[in-house]
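Participant: Below is the structure I would like to discuss, written out as structure tokens.
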Amino acid sequence: MTDTGFAISDALRAHISSWRRELATIRRLSPKTLEAYGRDVDQFMAFLSGHLGGTVDITDLQTLRPADLRAFLADRRRNDVGSRSLARSLSGIKSFFTYVEREGIMALEALSVVRTPKLPRSLPKPLSAPEAKGAGPAIHEMEDRPWVAARDAAVIALCYGSGLRISEALALTRSDLDGTTLRILGKGNKVRLVPLIAPVRAAIDDYLRLCPFSPSPNEPMFRGVRGGALSPRLIQLRLEHLRGAMGLPASATPHALRHSFATHLLARGGDLRAIQELLGHASLSTTQIYTHIDGERLLEAYRAAHPRR
């Protein structure tokens, strides 16, 4: 018997202990991940002990069928375990079976045909228009180095005003600026043109005027304090500071500004296909998630204001 009260053989218990030692010493997983993976395998063994009706041994594992694994998932689902937790459980179980297969102890083909539960797609959480617009002025109040404040404000303006990914904004060169448009090299090395609106252009010009460095026209124009290319982590930290200073939600990240760009365009009647092009989405289905966001906000307004709600 194990400490958790279900029956497994001494040999199987030894294999589980060896697997956990490998996770800790060789793969160096965090203590929380180690605990979670160990709990996942313990729960699986506890289920098998009852499912198979006795002490679980390696020979029992070798004869497991996909139906047995699905029965485990169904059992967990009946206990109100969500898809994300089920996916994590399968990850821990697969890790153990990968270990015993690598050690030449056994192989389990049944696990390869069991699909991970489909995870619910979380909706982006956009900022309001005043929150997004207020980020730039707030940075200038927080930062006592004018060129650094102008730099961070320009990057944030690009994320919200042009809908850029943070990586796209930081990769921009002066040669990518073409008067009223931006030339963006996006995912899959696909090039797209994005309108450069006046407030964003003004923020960029302010930064270029104050920046103490002079990168070549083909080098990233946003620089760190030592002159190297700017790290996205610094912009992420800037948003974290803004969350505290402006009372923004925890969801306020550089990527949330991009979500806000798309959501606000859609709310103002923007065409979904046009928004797809602006964001650089390969598939329209990726862009359609913003229709759900806008729909949710409409429902909230309806519930709050309709006299017969």
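Identifiers in the structure tokens: chain A, B, ... in order shown; residue index from 1 per chain; ligand index from 1 in order shown.
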Taking the DSSP assignment computed from this structure's backbone, write out as an NGL selection string all residues of stretch 30-249 of chain A that belong to alpha helix (DSSP H).
Facilitator: :A and (31-52 or 58-62 or 66-78 or 83-102 or 129-142 or 146-161 or 166-171 or 198-210 or 232-246)
Participant: Need to verify the contact set: A:Leu239, 9 Å, only C-alpha atoms, exclusion of same-chain residues closer than 5 positions in sequence. Can you return it as a ChimeraX atom specification?
Facilitator: /A:135,156,234,244,252-254
Participant: Would you write out those residues with N, CA, C and O atoms, as a short mmCIF file (atom, residue, chain, number, x, y, z; two decimals), in the first residue's frame?
Facilitator:
data_model
loop_
_atom_site.label_atom_id
_atom_site.label_comp_id
_atom_site.auth_asym_id
_atom_site.auth_seq_id
_atom_site.Cartn_x
_atom_site.Cartn_y
_atom_site.Cartn_z
N ALA A 135 -2.21 55.73 -20.80
CA ALA A 135 -0.96 55.07 -20.44
C ALA A 135 0.25 55.93 -20.77
O ALA A 135 1.18 56.06 -19.96
N ILE A 156 4.17 51.60 -26.35
CA ILE A 156 2.79 51.34 -25.94
C ILE A 156 1.80 51.94 -26.94
O ILE A 156 0.75 51.35 -27.23
N LEU A 234 11.20 44.84 -20.34
CA LEU A 234 11.15 46.19 -19.78
C LEU A 234 9.80 46.84 -20.03
O LEU A 234 9.29 47.58 -19.18
N GLY A 244 -0.31 49.57 -11.13
CA GLY A 244 -0.38 50.10 -9.77
C GLY A 244 -0.68 51.58 -9.74
O GLY A 244 -1.50 52.04 -8.93
N ALA A 252 -3.90 43.96 -17.71
CA ALA A 252 -3.31 45.03 -18.52
C ALA A 252 -1.87 44.68 -18.86
O ALA A 252 -0.96 44.84 -18.05
N THR A 253 -1.66 44.17 -20.05
CA THR A 253 -0.35 43.76 -20.54
C THR A 253 -0.14 44.39 -21.92
O THR A 253 -1.10 44.90 -22.51
N PRO A 254 1.08 44.33 -22.47
CA PRO A 254 1.26 44.82 -23.84
C PRO A 254 0.32 44.16 -24.83
O PRO A 254 -0.22 44.81 -25.73
#
Participant: Of the candidates A:Glu101, A:Asp75, A:Asp205, A:Asp152, which shows the shortest atom-to-atom distance to A:Ile139, using only C-alpha atoms?
Facilitator: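 Answer, going by the shortest atom-to-atom distance: A:Asp152.
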Participant: Which residue out of A:Met142, A:Pro217, A:Ile235, A:Asn189 has the minimum interatomic distance to A:Leu170 when only C-alpha atoms are used?
Facilitator: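 Using only C-alpha atoms, A:Leu170 sits closest to A:Ile235.
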Participant: Which residue is closest to A:Lys94? Choose from A:Gly163, A:Gly38, A:Gly54, A:Gly280 and count only C-alpha atoms.
Facilitator: A:Gly38
Participant: Taking the chain letters and numbering used in this document, name the residues of stretch 158-199 of chain A that DSSP puts in strand (DSSP E or B), as a list in words.
Facilitator: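 For stretch 158-199 of chain A, the strand (DSSP E or B) set is Thr173, Leu177, Asp178, Thr181, Leu182, Arg183, Ile184, Leu185, Val191, Arg192, Leu193, Val194 and Pro195 of chain A.
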Participant: Could you save those same residues with N, CA and C atoms as a compact mmCIF listing (two decimals), in the first residue's frame?
Facilitator:
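Done, and the output landed in out-v5.txt:
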# COMPACT_ATOMS: atom_id res chain seq x y z
N THR A 173 12.34 49.34 -37.45
CA THR A 173 13.49 50.18 -37.78
C THR A 173 12.97 51.48 -38.39
N LEU A 177 9.35 52.99 -41.30
CA LEU A 177 8.42 54.13 -41.23
C LEU A 177 8.33 54.77 -42.61
N ASP A 178 7.13 54.84 -43.12
CA ASP A 178 6.96 55.38 -44.48
C ASP A 178 5.85 56.42 -44.48
N THR A 181 2.38 55.04 -43.12
CA THR A 181 2.22 53.60 -42.93
C THR A 181 3.44 53.02 -42.22
N LEU A 182 3.22 51.85 -41.64
CA LEU A 182 4.29 51.07 -41.03
C LEU A 182 4.44 49.76 -41.80
N ARG A 183 5.66 49.38 -42.05
CA ARG A 183 5.93 48.09 -42.68
C ARG A 183 6.26 47.11 -41.57
N ILE A 184 5.40 46.10 -41.37
CA ILE A 184 5.52 45.17 -40.26
C ILE A 184 5.89 43.78 -40.78
N LEU A 185 6.93 43.21 -40.18
CA LEU A 185 7.29 41.82 -40.46
C LEU A 185 6.71 40.98 -39.34
N VAL A 191 4.80 40.08 -44.44
CA VAL A 191 4.87 41.54 -44.35
C VAL A 191 3.47 42.12 -44.53
N ARG A 192 3.12 43.08 -43.70
CA ARG A 192 1.85 43.79 -43.86
C ARG A 192 2.09 45.28 -43.63
N LEU A 193 1.21 46.09 -44.16
CA LEU A 193 1.26 47.53 -43.97
C LEU A 193 0.16 47.96 -43.01
N VAL A 194 0.52 48.77 -42.05
CA VAL A 194 -0.43 49.23 -41.03
C VAL A 194 -0.44 50.75 -41.05
N PRO A 195 -1.60 51.38 -41.04
CA PRO A 195 -1.65 52.85 -41.01
C PRO A 195 -0.94 53.41 -39.78
Participant: Can you work out which one of A:Ser260, A:Ser30, A:Ser49, A:Gln62 has the shortest atom-to-atom distance to A:Val100, counting only C-alpha atoms?
Facilitator: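 Under the stated criterion, the closest residue is A:Gln62.
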Participant: For the atom pair atom CA of A:Val148 and atom CA of A:Leu230, what is the interatomic distance in Å to one decimal place?
Facilitator: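 It comes out at 10.8 Å.
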Participant: Please, what distance in Å, to one decimal, runs between atom CA of A:Gly227 and atom CA of A:Ala171?
Facilitator: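 The value is 14.6 Å.
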Participant: Smallest atom-to-atom distance to A:Ser231: which of A:Ser216, A:Asn79, A:Gln276, A:Ser167, using only C-alpha atoms?
Facilitator: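 Once distances to A:Ser231 are computed over only C-alpha atoms, the minimum belongs to A:Ser167.
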Participant: Please provide as a PyMOL selection string all residues within 12 Å of A:Leu86, with the sequence filter that same-chain residues fewer than 5 positions apart are discarded (counting only C-alpha atoms).
Facilitator: chain A and resi 36-37+40+43-44+69-70+72-81+91-93+115-119
Participant: Could you dump the residues just selected with C-alpha atoms as a PDB file, in the first residue's frame?
Facilitator:
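What follows is the written file again.pdb:
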ATOM      1  CA  ALA A  36       1.211  18.257  -9.137  1.00  0.00           C
ATOM      2  CA  TYR A  37       2.722  15.504 -11.301  1.00  0.00           C
ATOM      3  CA  ASP A  40      -1.706  13.152 -10.913  1.00  0.00           C
ATOM      4  CA  GLN A  43      -4.823   9.688  -8.535  1.00  0.00           C
ATOM      5  CA  PHE A  44      -4.443   7.541 -11.636  1.00  0.00           C
ATOM      6  CA  LEU A  69      -7.804   5.800 -19.734  1.00  0.00           C
ATOM      7  CA  ARG A  70     -11.039   7.398 -20.893  1.00  0.00           C
ATOM      8  CA  PHE A  72     -10.281   7.615 -15.646  1.00  0.00           C
ATOM      9  CA  LEU A  73     -10.938  10.948 -17.339  1.00  0.00           C
ATOM     10  CA  ALA A  74     -14.693  10.408 -17.098  1.00  0.00           C
ATOM     11  CA  ASP A  75     -14.356   9.596 -13.408  1.00  0.00           C
ATOM     12  CA  ARG A  76     -12.432  12.809 -12.808  1.00  0.00           C
ATOM     13  CA  ARG A  77     -14.969  14.754 -14.833  1.00  0.00           C
ATOM     14  CA  ARG A  78     -17.782  13.399 -12.621  1.00  0.00           C
ATOM     15  CA  ASN A  79     -15.900  14.902  -9.682  1.00  0.00           C
ATOM     16  CA  ASP A  80     -16.196  18.354 -11.290  1.00  0.00           C
ATOM     17  CA  VAL A  81     -12.587  18.466 -12.496  1.00  0.00           C
ATOM     18  CA  SER A  91       0.555  15.507 -18.866  1.00  0.00           C
ATOM     19  CA  GLY A  92       1.768  14.093 -15.536  1.00  0.00           C
ATOM     20  CA  ILE A  93       0.651  10.566 -16.417  1.00  0.00           C
ATOM     21  CA  ARG A 115      -6.787  13.017 -26.815  1.00  0.00           C
ATOM     22  CA  THR A 116      -6.166  15.820 -24.368  1.00  0.00           C
ATOM     23  CA  PRO A 117      -9.472  17.451 -23.335  1.00  0.00           C
ATOM     24  CA  LYS A 118     -10.250  20.538 -25.375  1.00  0.00           C
ATOM     25  CA  LEU A 119      -9.467  23.606 -23.329  1.00  0.00           C
TER      26      LEU A 119
END
